[in-house]
Amino acid sequence: MLFAAIDSGTAKRAASSDAVAPLILTSAIGIIGFLYCVALVSFFDLSLKARDSILFAFGITALPLLTVMAQQFIINQIRPEQSRRQIEAINIWISVSWLVGLTLIAILARLLDLGSEAWTQAARTLLMATLAVHAAALLFFVLHRKASRLPLRLPTEPSALASIGSYSIAAMVLFKVDLAQPYFSPFVRNFVDPPFGDTTKLSTAAGFAGAIVGVICIVYFLESFLLRRRSAALPTLQVGALSLSIALTFIAYFDFSLNLEPIHYLTIAGPAWHLLSGGTLMVDVFSQYGPGPVLIAVLAWLAGPRTLGTLQIAVQLANLAFYAIWLVCLFRMTRWKATASLLGFAAIGVLLACWDYGNGNVNVAPSILGLRHLPTLCMVLSISSLRPPARLSIFTILCTALAGLWSVECLVGTLGIHLLCIAMIDLRARAYKRLFTDGALAASPVVVSIAVLASATLVQSGSLPDYRTYLEFLAAYNPTSTFWSHAADAQFLAWMTILLSVVLVLCECWRGVLYQQAFGPHLSPDELYYKFLPMAALVAVTAAYYAFRSYDYTLLVALLPFAALAIPAVLAAAGRLATAPMPARFLFVIPIFIGVSTLTFCWQAMTRAEAPYSFLLQECRDQGHCTVSALLHTLEDTSRRRVLMERTGSYLSDRYGDNPNTSQLVPDAVKLIQREAGGSSVTALLGETVDSELALMYTGRWQPWPISFAYTDALIPSLAARIIAAPVTLKPGDLVIVRPNIQALQMIEAGILQRIQSEYNLCPIADAQLSVDGYHIAAKGSPCPNR
């Protein structure tokens with residue numbers, strides 16, 4: 001975790017301690033600065049969510065700059081060098097002591113069964129004590145310098161081995177301080193108490209993990225040998241490894257189960273169906289995910305069956321494209337390209353296996369990876385492909401234009417990463433006049449995107465896009481919203497490692513900007529600003545979802561961008577450790593242990609019978625679907641499954657039909673529509689979260705009201721009122737289906753029913769066997785026809 005800024009491209013060789021010493025010092029100052037921020041925030045009466053958001057925002061913005069300034073101040077102001085090294089030793093000892101102390105508290109809390117409250121109080125006491133000791137040590141140092149010119153006698157700073165070892169052990173133990181478990185780390189638990197209650201396959205899982213790590217090590221040594229020899233076979237090996245990794249990603253990681261959560265998929269399925277039924281995007285068709293994912297859903301339905309399974313296939317293809325582009329980015333960030341490609345393939349497996357701690361499917365919602373961040377990742381690749389000193393290219397322009405059509409969140413992330421890189425490059429080059437020109441040119445495609453969308457909307461509907469209504473979704477989906485976010489678990493500390501990687505990269509960038517220098521053998525400026533900086537910014541963008549939403553396992557969204565920083569750094573560090581003294585080589589044990597432990601968990605999670613995925617392995621091994629035709633036939637059958645009409649085998653889908661009071665709403669509504677609707681319009685007011693939309697989709701219809709998805713439309717009061725008051729005129733004979741318990745109707749549905757009752761006469765359809773009430777429309781005051 002602490003190698004995230006070590007050079008992966010320079011050919012210079014340096015002693016191990018010289019290579020990591022600046023990194024350790026930067027990390028120490030950064031950790032102490034973060035602790036001061038935590039202490040300061042704790043003095044204010046803030047909500048837990050506000051506290052979490054402030055700490056995250058401080059960590060990715062002000063902390064790197066303050067760390068570099070503090071480090072440079074020590075270098076410039078503290079003389080002689082022996083005194084400077086002593087104050088550096090103070091900072092390193094304080095940070096190491098804090099991490100060791102917090103680790104011991106976690107261990108004691110479990111051994112003594114103290115509980116989470118005692119853990120939190122002890123951690124808070126340690127924080128205040130650590131900062132008090134740090135302030136006292138600095139004060140004593142200053143007073144001693146003024147009173148005496150003799151250097152202060154202090155213990156020497158910890159060795160690189162001790163520092164990195166303590167950091168790494170703390171990261172493993174404090175990953176999640178689960179006081180209910182008797183083990184000090186989830187990495188240890190994989191071997192002591194295997195997850196999912198299956199101990200019989202532990203040796204197989206560990207053997208598989210060890211074999212994968214062994215193969216990767218062999219490839220690393222082979223590639224290192226070819227690099228030293230500058231062999232002509234090296235490019236072939238590297239490109240072959242990348243091609244193999246991408247091909248295996250598409251083959252091995254496609255999930256045939258089509259495991260989905262209907263409420264999440266209806267956030268794009270509902271608007272897409274409304275659009276295909278005559279609605280106009282951004283006029284009366286809205287999704288909080290933006291117009292881009294809705295258009296992807298429309299294209300998917302134009303190419304295949306109009307089912308949720310088809311959309312899940314489209315989402316998977318977007319996710320697989322995300323993985324492939326990420327592998328290309330990773331390939332470009334290190335000299336050990338073949339090894340990195342194999343590690344990247346393994347990292348994708350970790351992401352899939354660890355989602356919801358092995359109990360979830362990363363494809364379960366359309367908003368996790370590809371349909372949310374694909375244009376942003378394309379921007380990262382486009383920036384890394386620029387030839388310095390270029391700031392823009394046709395590809396960066398296209399990425400920004402696409403993001404402008406995709407969603408506001410995607411636009412902010414995509415354009416923000418590009419502007420950050422431009423700002424850092426121009427500031428480092430002291431090209432202050434270019435800064436505003438480059439920024440304006442980078443942002444100009446947004447104007448084109450808005451113009452294209454506005455023109456298309458105006459031609460189609462005679463109206464301009466309603467951006468105001470679309471942006472009002474942010475009122476519900478933001479860090480201050482009790483509907484969407486909640487406070488983070490104080491015992492889940494894994495996000496600190498990811499934050500530290502961003503801080504270290506940004507520290508190097510600020511050091512180049514402010515002082516035109518770097519400490520030690522770090523990245524070349526071109527590699528730093530064009531490859532590592534945009535990827536670090538992507539880590540911040542993807543980690544923001546966890547920081548603001550705060551479901552702990554959602555931090556995995558940032559795993560691949562984080563791995564793109566960590567993998568090149570670990571490979572470079574391994575090259576340095578190979579020539580280091582023997583004690584330092586023990587650091588090899590840390591990544592190997594983490595790798596074997598994590599891959600052991602992945603094998604157990606993804607290959608068990610009740611796994612949330614059905615990859616090619618399970619399809620062939622368990623179902624006998626080993627040929628292309630059999631797989632395609634299975635995929636077609638699975639994609640046509642109708643949620644709530646039949647069992648899918650997915651808990652997230654079937655749970656909506658497990659309620660005996662509502663399980664028949666959708667089947668009975670479908671039966672009634674097919675029998676009674678004919679060519680008339682149908683209004684479905686079933687009240688459940690997904691029932692109305694699914695019943696209409698299964699019969700090829702949509703509401704006559706401008707509803708995209710009633711559940712999310714209701715989050716915007718102005719949109720809900722507009723839907724209820726829409727100029728809809730129902731014709732005699734039109735069908736209205738209502739659940740018997742009208743008190744359970746959603747706000748929009750209740751308002752529509754009230755309006756229908758006030759403007760029309762509802763003629764009941766007698767059928768005691770149905771769990772829904774059906775009506776035909778008649779003019780107000782007109783008698784109901786005899787049927």
# chains A, B, ... in the order shown; residues from 1 in each chain; ligands from 1
>>> residues_around(residues="A:Ile218", least_positions_apart="5", cutoff="12 Å", atoms="only C-alpha atoms", output="list in words")
Ala211, Ile212, Val213, Glu223, Ser224, Phe225, Ala338, Thr339 and Leu342 of chain A
>>> write_last_selection(atoms="all heavy atoms", output="compact mmCIF listing (two decimals), in the first residue's frame")
# COMPACT_ATOMS: atom_id res chain seq x y z
N ALA A 211 -0.81 -21.36 -6.76
CA ALA A 211 -0.38 -21.60 -8.14
C ALA A 211 -0.45 -20.32 -8.96
O ALA A 211 0.46 -20.03 -9.75
CB ALA A 211 -1.25 -22.69 -8.77
N ILE A 212 -1.52 -19.55 -8.78
CA ILE A 212 -1.65 -18.29 -9.52
C ILE A 212 -0.53 -17.33 -9.14
O ILE A 212 0.12 -16.72 -10.02
CB ILE A 212 -3.02 -17.65 -9.25
CG1 ILE A 212 -4.14 -18.49 -9.83
CG2 ILE A 212 -3.07 -16.24 -9.83
CD1 ILE A 212 -4.11 -18.64 -11.32
N VAL A 213 -0.28 -17.20 -7.84
CA VAL A 213 0.80 -16.31 -7.40
C VAL A 213 2.14 -16.81 -7.91
O VAL A 213 3.01 -16.02 -8.33
CB VAL A 213 0.79 -16.20 -5.86
CG1 VAL A 213 2.03 -15.44 -5.37
CG2 VAL A 213 -0.47 -15.51 -5.38
N GLU A 223 10.21 -11.76 -17.22
CA GLU A 223 10.13 -10.43 -17.82
C GLU A 223 11.29 -9.56 -17.36
O GLU A 223 11.84 -8.79 -18.16
CB GLU A 223 8.79 -9.78 -17.47
CG GLU A 223 8.48 -8.53 -18.27
CD GLU A 223 7.06 -8.05 -18.06
OE1 GLU A 223 6.42 -8.49 -17.09
OE2 GLU A 223 6.59 -7.23 -18.88
N SER A 224 11.67 -9.68 -16.10
CA SER A 224 12.81 -8.91 -15.60
C SER A 224 14.08 -9.31 -16.33
O SER A 224 14.92 -8.46 -16.68
CB SER A 224 12.98 -9.13 -14.09
OG SER A 224 11.86 -8.66 -13.38
N PHE A 225 14.25 -10.61 -16.58
CA PHE A 225 15.41 -11.10 -17.33
C PHE A 225 15.43 -10.51 -18.74
O PHE A 225 16.47 -10.03 -19.22
CB PHE A 225 15.38 -12.63 -17.37
CG PHE A 225 16.45 -13.22 -18.23
CD1 PHE A 225 17.75 -13.34 -17.77
CD2 PHE A 225 16.16 -13.68 -19.52
CE1 PHE A 225 18.74 -13.90 -18.56
CE2 PHE A 225 17.14 -14.24 -20.32
CZ PHE A 225 18.44 -14.34 -19.84
N ALA A 338 3.71 -7.51 -18.89
CA ALA A 338 3.11 -8.85 -18.90
C ALA A 338 2.65 -9.25 -17.51
O ALA A 338 1.54 -9.75 -17.32
CB ALA A 338 4.12 -9.87 -19.45
N THR A 339 3.51 -9.04 -16.51
CA THR A 339 3.15 -9.37 -15.13
C THR A 339 1.96 -8.54 -14.68
O THR A 339 1.04 -9.05 -14.02
CB THR A 339 4.35 -9.12 -14.21
OG1 THR A 339 5.52 -9.73 -14.75
CG2 THR A 339 4.08 -9.68 -12.83
N LEU A 342 -1.36 -9.90 -16.02
CA LEU A 342 -1.85 -11.06 -15.28
C LEU A 342 -2.39 -10.66 -13.91
O LEU A 342 -3.43 -11.16 -13.47
CB LEU A 342 -0.74 -12.10 -15.14
CG LEU A 342 -0.19 -12.69 -16.44
CD1 LEU A 342 0.90 -13.70 -16.14
CD2 LEU A 342 -1.30 -13.32 -17.25
>>> residues_around(residues="stretch 125-141 of chain A", least_positions_apart="2", cutoff="12 Å", atoms="only C-alpha atoms", output="number ranges by chain")
A: 28-29, 31-40, 42-43, 74, 78, 83-106, 118-123, 143-154
>>> residues_around(residues="stretch 553-570 of chain A", least_positions_apart="2", cutoff="8 Å", atoms="only C-alpha atoms", output="ChimeraX atom specification")
/A:1,3-8,326,329-330,333-336,340,343-344,347-348,351,354-357,368-369,495,498,501,532,535-536,538-540,542-543,545-546,550-551,572-574
>>> residues_around(residues="A:Phe615", least_positions_apart="5", cutoff="10 Å", atoms="only C-alpha atoms", output="PyMOL selection string")
chain A and resi 251-257+606-607+620-621
>>> residues_around(residues="stretch 226-231 of chain A", least_positions_apart="5", cutoff="12 Å", atoms="only C-alpha atoms", output="VMD selection string")
chain A and resid 9 11 219 to 221 236 to 238 334 to 338 575
>>> write_last_selection(atoms="N, CA, C and O atoms", output="PDB file, in the first residue's frame")
ATOM      1  N   GLY A   9       9.081   3.351 -13.894  1.00  0.00           N
ATOM      2  CA  GLY A   9       9.584   3.496 -15.249  1.00  0.00           C
ATOM      3  C   GLY A   9      11.063   3.776 -15.329  1.00  0.00           C
ATOM      4  O   GLY A   9      11.692   3.485 -16.335  1.00  0.00           O
ATOM      5  N   ALA A  11      15.037   3.535 -15.015  1.00  0.00           N
ATOM      6  CA  ALA A  11      15.942   2.384 -15.028  1.00  0.00           C
ATOM      7  C   ALA A  11      17.019   2.494 -13.958  1.00  0.00           C
ATOM      8  O   ALA A  11      17.839   1.606 -13.799  1.00  0.00           O
ATOM      9  N   VAL A 219       6.484 -15.332 -14.279  1.00  0.00           N
ATOM     10  CA  VAL A 219       6.397 -14.378 -15.379  1.00  0.00           C
ATOM     11  C   VAL A 219       7.179 -13.111 -15.048  1.00  0.00           C
ATOM     12  O   VAL A 219       7.857 -12.526 -15.906  1.00  0.00           O
ATOM     13  N   TYR A 220       7.105 -12.677 -13.770  1.00  0.00           N
ATOM     14  CA  TYR A 220       7.837 -11.466 -13.358  1.00  0.00           C
ATOM     15  C   TYR A 220       9.346 -11.659 -13.521  1.00  0.00           C
ATOM     16  O   TYR A 220      10.033 -10.782 -14.061  1.00  0.00           O
ATOM     17  N   PHE A 221       9.870 -12.791 -13.064  1.00  0.00           N
ATOM     18  CA  PHE A 221      11.309 -13.025 -13.185  1.00  0.00           C
ATOM     19  C   PHE A 221      11.722 -13.162 -14.647  1.00  0.00           C
ATOM     20  O   PHE A 221      12.793 -12.680 -15.053  1.00  0.00           O
ATOM     21  N   THR A 236       6.650  -8.941 -27.721  1.00  0.00           N
ATOM     22  CA  THR A 236       5.719 -10.018 -28.073  1.00  0.00           C
ATOM     23  C   THR A 236       5.118 -10.642 -26.825  1.00  0.00           C
ATOM     24  O   THR A 236       3.906 -10.909 -26.752  1.00  0.00           O
ATOM     25  N   LEU A 237       5.960 -10.891 -25.828  1.00  0.00           N
ATOM     26  CA  LEU A 237       5.480 -11.446 -24.560  1.00  0.00           C
ATOM     27  C   LEU A 237       4.474 -10.513 -23.902  1.00  0.00           C
ATOM     28  O   LEU A 237       3.416 -10.951 -23.424  1.00  0.00           O
ATOM     29  N   GLN A 238       4.787  -9.222 -23.880  1.00  0.00           N
ATOM     30  CA  GLN A 238       3.937  -8.268 -23.180  1.00  0.00           C
ATOM     31  C   GLN A 238       2.595  -8.080 -23.874  1.00  0.00           C
ATOM     32  O   GLN A 238       1.537  -8.110 -23.235  1.00  0.00           O
ATOM     33  N   THR A 334       3.604   0.635 -16.429  1.00  0.00           N
ATOM     34  CA  THR A 334       4.718  -0.073 -15.812  1.00  0.00           C
ATOM     35  C   THR A 334       5.614  -0.686 -16.872  1.00  0.00           C
ATOM     36  O   THR A 334       5.199  -0.902 -18.018  1.00  0.00           O
ATOM     37  N   ARG A 335       6.850  -0.958 -16.494  1.00  0.00           N
ATOM     38  CA  ARG A 335       7.770  -1.664 -17.386  1.00  0.00           C
ATOM     39  C   ARG A 335       7.448  -3.148 -17.418  1.00  0.00           C
ATOM     40  O   ARG A 335       7.689  -3.819 -18.414  1.00  0.00           O
ATOM     41  N   TRP A 336       6.922  -3.684 -16.333  1.00  0.00           N
ATOM     42  CA  TRP A 336       6.603  -5.112 -16.238  1.00  0.00           C
ATOM     43  C   TRP A 336       5.172  -5.324 -16.748  1.00  0.00           C
ATOM     44  O   TRP A 336       4.252  -5.657 -16.002  1.00  0.00           O
ATOM     45  N   LYS A 337       4.996  -5.142 -18.031  1.00  0.00           N
ATOM     46  CA  LYS A 337       3.653  -5.097 -18.614  1.00  0.00           C
ATOM     47  C   LYS A 337       2.965  -6.466 -18.619  1.00  0.00           C
ATOM     48  O   LYS A 337       1.766  -6.562 -18.391  1.00  0.00           O
ATOM     49  N   ALA A 338       3.710  -7.512 -18.889  1.00  0.00           N
ATOM     50  CA  ALA A 338       3.112  -8.850 -18.905  1.00  0.00           C
ATOM     51  C   ALA A 338       2.653  -9.248 -17.509  1.00  0.00           C
ATOM     52  O   ALA A 338       1.536  -9.747 -17.316  1.00  0.00           O
ATOM     53  N   GLY A 575      11.543  -5.169  -7.740  1.00  0.00           N
ATOM     54  CA  GLY A 575      12.813  -5.089  -8.435  1.00  0.00           C
ATOM     55  C   GLY A 575      13.905  -4.512  -7.559  1.00  0.00           C
ATOM     56  O   GLY A 575      15.068  -4.949  -7.624  1.00  0.00           O
TER      57      GLY A 575
END
>>> closest_atom_pairs(of="stretch 603-686 of chain A", to="stretch 739-754 of chain A", cutoff="10 Å", atoms="only C-alpha atoms", output="JSON lines")
{"residue": "A:Thr662", "atom": "CA", "partner": "A:Arg739", "partner_atom": "CA", "distance": 9.1}
{"residue": "A:Leu665", "atom": "CA", "partner": "A:Arg739", "partner_atom": "CA", "distance": 7.5}
{"residue": "A:Ala669", "atom": "CA", "partner": "A:Arg739", "partner_atom": "CA", "distance": 9.2}
{"residue": "A:Thr683", "atom": "CA", "partner": "A:Ile752", "partner_atom": "CA", "distance": 9.2}
{"residue": "A:Ala684", "atom": "CA", "partner": "A:Glu749", "partner_atom": "CA", "distance": 8.5}
{"residue": "A:Leu685", "atom": "CA", "partner": "A:Glu749", "partner_atom": "CA", "distance": 5.6}
{"residue": "A:Leu686", "atom": "CA", "partner": "A:Arg739", "partner_atom": "CA", "distance": 5.0}
>>> atom_distance(atom1="atom CA of A:Pro186", atom2="atom CA of A:Ala170")
12.5 Å
>>> select_by_dssp(residues="stretch 566-670 of chain A", states="alpha helix (DSSP H)", output="MDAnalysis selection string")
chainID A and resid 566:577 582:585 589:607 616:623 628:639 651:654 665:670
>>> residues_around(residues="A:Leu202", least_positions_apart="2", cutoff="10 Å", atoms="only C-alpha atoms", output="JSON, numbers by chain")
{"A": [190, 191, 192, 193, 194, 195, 198, 199, 200, 204, 205, 206, 207, 208, 600, 601, 603, 604]}
>>> write_last_selection(atoms="all heavy atoms", output="compact mmCIF listing (two decimals), in the first residue's frame")
# COMPACT_ATOMS: atom_id res chain seq x y z
N ASN A 190 -9.38 -16.39 6.29
CA ASN A 190 -9.52 -17.25 5.12
C ASN A 190 -8.94 -18.64 5.36
O ASN A 190 -9.41 -19.63 4.80
CB ASN A 190 -8.84 -16.63 3.91
CG ASN A 190 -9.62 -15.46 3.35
OD1 ASN A 190 -10.83 -15.38 3.53
ND2 ASN A 190 -8.93 -14.57 2.67
N PHE A 191 -7.89 -18.71 6.20
CA PHE A 191 -7.24 -19.99 6.45
C PHE A 191 -7.70 -20.63 7.76
O PHE A 191 -7.81 -21.85 7.85
CB PHE A 191 -5.72 -19.80 6.48
CG PHE A 191 -5.17 -19.20 5.22
CD1 PHE A 191 -4.72 -17.89 5.19
CD2 PHE A 191 -5.11 -19.94 4.05
CE1 PHE A 191 -4.21 -17.33 4.03
CE2 PHE A 191 -4.60 -19.39 2.89
CZ PHE A 191 -4.15 -18.09 2.87
N VAL A 192 -7.97 -19.81 8.77
CA VAL A 192 -8.36 -20.35 10.07
C VAL A 192 -9.82 -20.77 10.09
O VAL A 192 -10.18 -21.83 10.60
CB VAL A 192 -8.09 -19.31 11.18
CG1 VAL A 192 -8.49 -19.87 12.55
CG2 VAL A 192 -6.63 -18.90 11.18
N ASP A 193 -10.68 -19.94 9.54
CA ASP A 193 -12.12 -20.20 9.51
C ASP A 193 -12.64 -19.82 8.14
O ASP A 193 -13.16 -18.73 7.94
CB ASP A 193 -12.83 -19.41 10.61
CG ASP A 193 -14.32 -19.68 10.65
OD1 ASP A 193 -14.73 -20.72 10.12
OD2 ASP A 193 -15.06 -18.85 11.20
N PRO A 194 -12.50 -20.69 7.15
CA PRO A 194 -12.88 -20.35 5.77
C PRO A 194 -14.32 -19.87 5.68
O PRO A 194 -15.19 -20.37 6.40
CB PRO A 194 -12.70 -21.68 5.02
CG PRO A 194 -11.73 -22.46 5.83
CD PRO A 194 -12.01 -22.07 7.26
N PRO A 195 -14.57 -18.88 4.85
CA PRO A 195 -15.93 -18.36 4.72
C PRO A 195 -16.87 -19.37 4.08
O PRO A 195 -16.43 -20.35 3.47
CB PRO A 195 -15.76 -17.13 3.82
CG PRO A 195 -14.51 -17.43 3.05
CD PRO A 195 -13.63 -18.20 3.96
N ASP A 198 -17.36 -23.91 4.43
CA ASP A 198 -16.85 -25.06 3.68
C ASP A 198 -15.35 -25.19 3.92
O ASP A 198 -14.55 -24.47 3.35
CB ASP A 198 -17.14 -24.90 2.20
CG ASP A 198 -16.83 -26.16 1.40
OD1 ASP A 198 -16.29 -27.10 2.00
OD2 ASP A 198 -17.15 -26.19 0.20
N THR A 199 -14.98 -26.12 4.80
CA THR A 199 -13.56 -26.33 5.11
C THR A 199 -12.94 -27.42 4.26
O THR A 199 -11.72 -27.55 4.21
CB THR A 199 -13.41 -26.70 6.59
OG1 THR A 199 -14.17 -27.90 6.85
CG2 THR A 199 -13.91 -25.59 7.49
N THR A 200 -13.76 -28.20 3.56
CA THR A 200 -13.23 -29.33 2.79
C THR A 200 -12.46 -28.89 1.56
O THR A 200 -11.60 -29.61 1.07
CB THR A 200 -14.37 -30.27 2.37
OG1 THR A 200 -15.31 -29.53 1.54
CG2 THR A 200 -15.11 -30.80 3.60
N THR A 204 -7.81 -26.99 -1.72
CA THR A 204 -7.92 -26.73 -3.16
C THR A 204 -7.84 -25.24 -3.44
O THR A 204 -7.14 -24.81 -4.38
CB THR A 204 -9.25 -27.29 -3.68
OG1 THR A 204 -9.30 -28.69 -3.42
CG2 THR A 204 -9.37 -27.04 -5.18
N ALA A 205 -8.57 -24.45 -2.65
CA ALA A 205 -8.58 -22.99 -2.85
C ALA A 205 -7.20 -22.40 -2.61
O ALA A 205 -6.71 -21.58 -3.40
CB ALA A 205 -9.60 -22.34 -1.92
N ALA A 206 -6.55 -22.82 -1.52
CA ALA A 206 -5.21 -22.30 -1.22
C ALA A 206 -4.21 -22.76 -2.28
O ALA A 206 -3.31 -22.00 -2.67
CB ALA A 206 -4.77 -22.77 0.16
N GLY A 207 -4.35 -23.99 -2.75
CA GLY A 207 -3.47 -24.46 -3.81
C GLY A 207 -3.65 -23.68 -5.09
O GLY A 207 -2.67 -23.34 -5.77
N PHE A 208 -4.90 -23.40 -5.44
CA PHE A 208 -5.17 -22.59 -6.63
C PHE A 208 -4.54 -21.21 -6.48
O PHE A 208 -3.88 -20.71 -7.40
CB PHE A 208 -6.68 -22.46 -6.82
CG PHE A 208 -7.09 -21.38 -7.78
CD1 PHE A 208 -7.05 -21.58 -9.16
CD2 PHE A 208 -7.52 -20.13 -7.31
CE1 PHE A 208 -7.41 -20.57 -10.03
CE2 PHE A 208 -7.89 -19.13 -8.18
CZ PHE A 208 -7.84 -19.34 -9.55
N THR A 600 -7.44 -17.05 -2.34
CA THR A 600 -8.11 -18.18 -1.69
C THR A 600 -9.57 -17.88 -1.44
O THR A 600 -10.46 -18.69 -1.71
CB THR A 600 -7.40 -18.53 -0.37
OG1 THR A 600 -6.05 -18.90 -0.63
CG2 THR A 600 -8.11 -19.67 0.35
N PHE A 601 -9.83 -16.69 -0.92
CA PHE A 601 -11.21 -16.27 -0.71
C PHE A 601 -11.98 -16.22 -2.03
O PHE A 601 -13.13 -16.64 -2.12
CB PHE A 601 -11.24 -14.90 -0.03
CG PHE A 601 -12.62 -14.31 0.09
CD1 PHE A 601 -13.44 -14.65 1.14
CD2 PHE A 601 -13.10 -13.44 -0.87
CE1 PHE A 601 -14.72 -14.13 1.25
CE2 PHE A 601 -14.37 -12.90 -0.79
CZ PHE A 601 -15.18 -13.25 0.29
N TRP A 603 -11.54 -17.93 -4.77
CA TRP A 603 -11.88 -19.26 -5.26
C TRP A 603 -13.07 -19.82 -4.47
O TRP A 603 -14.00 -20.40 -5.04
CB TRP A 603 -10.67 -20.18 -5.11
CG TRP A 603 -10.94 -21.58 -5.54
CD1 TRP A 603 -11.33 -22.63 -4.75
CD2 TRP A 603 -10.86 -22.10 -6.88
NE1 TRP A 603 -11.50 -23.75 -5.49
CE2 TRP A 603 -11.22 -23.47 -6.81
CE3 TRP A 603 -10.52 -21.55 -8.11
CZ2 TRP A 603 -11.24 -24.28 -7.93
CZ3 TRP A 603 -10.55 -22.36 -9.24
CH2 TRP A 603 -10.90 -23.71 -9.14
N GLN A 604 -13.04 -19.64 -3.15
CA GLN A 604 -14.14 -20.15 -2.32
C GLN A 604 -15.44 -19.44 -2.64
O GLN A 604 -16.52 -20.05 -2.65
CB GLN A 604 -13.79 -19.98 -0.84
CG GLN A 604 -12.62 -20.84 -0.38
CD GLN A 604 -12.15 -20.45 1.00
OE1 GLN A 604 -12.08 -19.29 1.35
NE2 GLN A 604 -11.82 -21.46 1.81
>>> residues_around(residues="A:Thr482", least_positions_apart="4", cutoff="12 Å", atoms="only C-alpha atoms", output="list of chain:residue names")
A:Ser47, A:Leu48, A:Lys49, A:Ala50, A:Ala475, A:Ala476, A:Tyr477, A:Asn478, A:His486, A:Ala487, A:Phe548, A:Arg549, A:Ser550
>>> write_last_selection(atoms="N, CA and C atoms", output="short mmCIF file (atom, residue, chain, number, x, y, z; two decimals), in the first residue's frame")
data_model
loop_
_atom_site.label_atom_id
_atom_site.label_comp_id
_atom_site.auth_asym_id
_atom_site.auth_seq_id
_atom_site.Cartn_x
_atom_site.Cartn_y
_atom_site.Cartn_z
N SER A 47 -22.78 16.15 12.14
CA SER A 47 -23.35 14.82 11.96
C SER A 47 -22.26 13.86 11.50
N LEU A 48 -22.50 12.57 11.69
CA LEU A 48 -21.49 11.59 11.29
C LEU A 48 -21.23 11.65 9.79
N LYS A 49 -22.28 11.86 9.00
CA LYS A 49 -22.10 11.93 7.55
C LYS A 49 -21.30 13.17 7.16
N ALA A 50 -21.57 14.30 7.80
CA ALA A 50 -20.80 15.52 7.51
C ALA A 50 -19.33 15.31 7.87
N ALA A 475 -31.02 16.31 -5.29
CA ALA A 475 -31.56 16.61 -3.96
C ALA A 475 -31.80 15.34 -3.16
N ALA A 476 -32.05 14.23 -3.85
CA ALA A 476 -32.26 12.95 -3.17
C ALA A 476 -30.99 12.12 -3.10
N TYR A 477 -30.14 12.23 -4.13
CA TYR A 477 -28.92 11.43 -4.19
C TYR A 477 -27.70 12.31 -3.92
N ASN A 478 -27.45 12.58 -2.65
CA ASN A 478 -26.29 13.38 -2.26
C ASN A 478 -25.90 13.00 -0.85
N HIS A 486 -25.73 7.23 4.47
CA HIS A 486 -25.71 7.06 5.93
C HIS A 486 -24.25 7.13 6.38
N ALA A 487 -24.05 7.20 7.68
CA ALA A 487 -22.70 7.35 8.21
C ALA A 487 -21.90 6.07 8.02
N PHE A 548 -19.48 8.91 0.34
CA PHE A 548 -20.75 9.60 0.50
C PHE A 548 -21.91 8.64 0.77
N ARG A 549 -21.89 7.45 0.15
CA ARG A 549 -22.95 6.47 0.39
C ARG A 549 -22.68 5.66 1.65
N SER A 550 -21.42 5.21 1.80
CA SER A 550 -20.90 4.59 3.02
C SER A 550 -21.39 3.18 3.28
#
>>> atom_distance(atom1="atom CA of A:Asp52", atom2="atom CA of A:Ala537")
19.0 Å
>>> atom_distance(atom1="atom CA of A:Val188", atom2="atom CA of A:Gln491")
17.4 Å
>>> closest_residue(among="A:Ser614, A:Gln516, A:Thr712, A:Thr689", to="A:Asn363", atoms="only C-alpha atoms")
A:Ser614
>>> closest_residue(among="A:Arg434, A:Asn761, A:Leu514, A:Val41", to="A:Leu55", atoms="only C-alpha atoms")
A:Val41
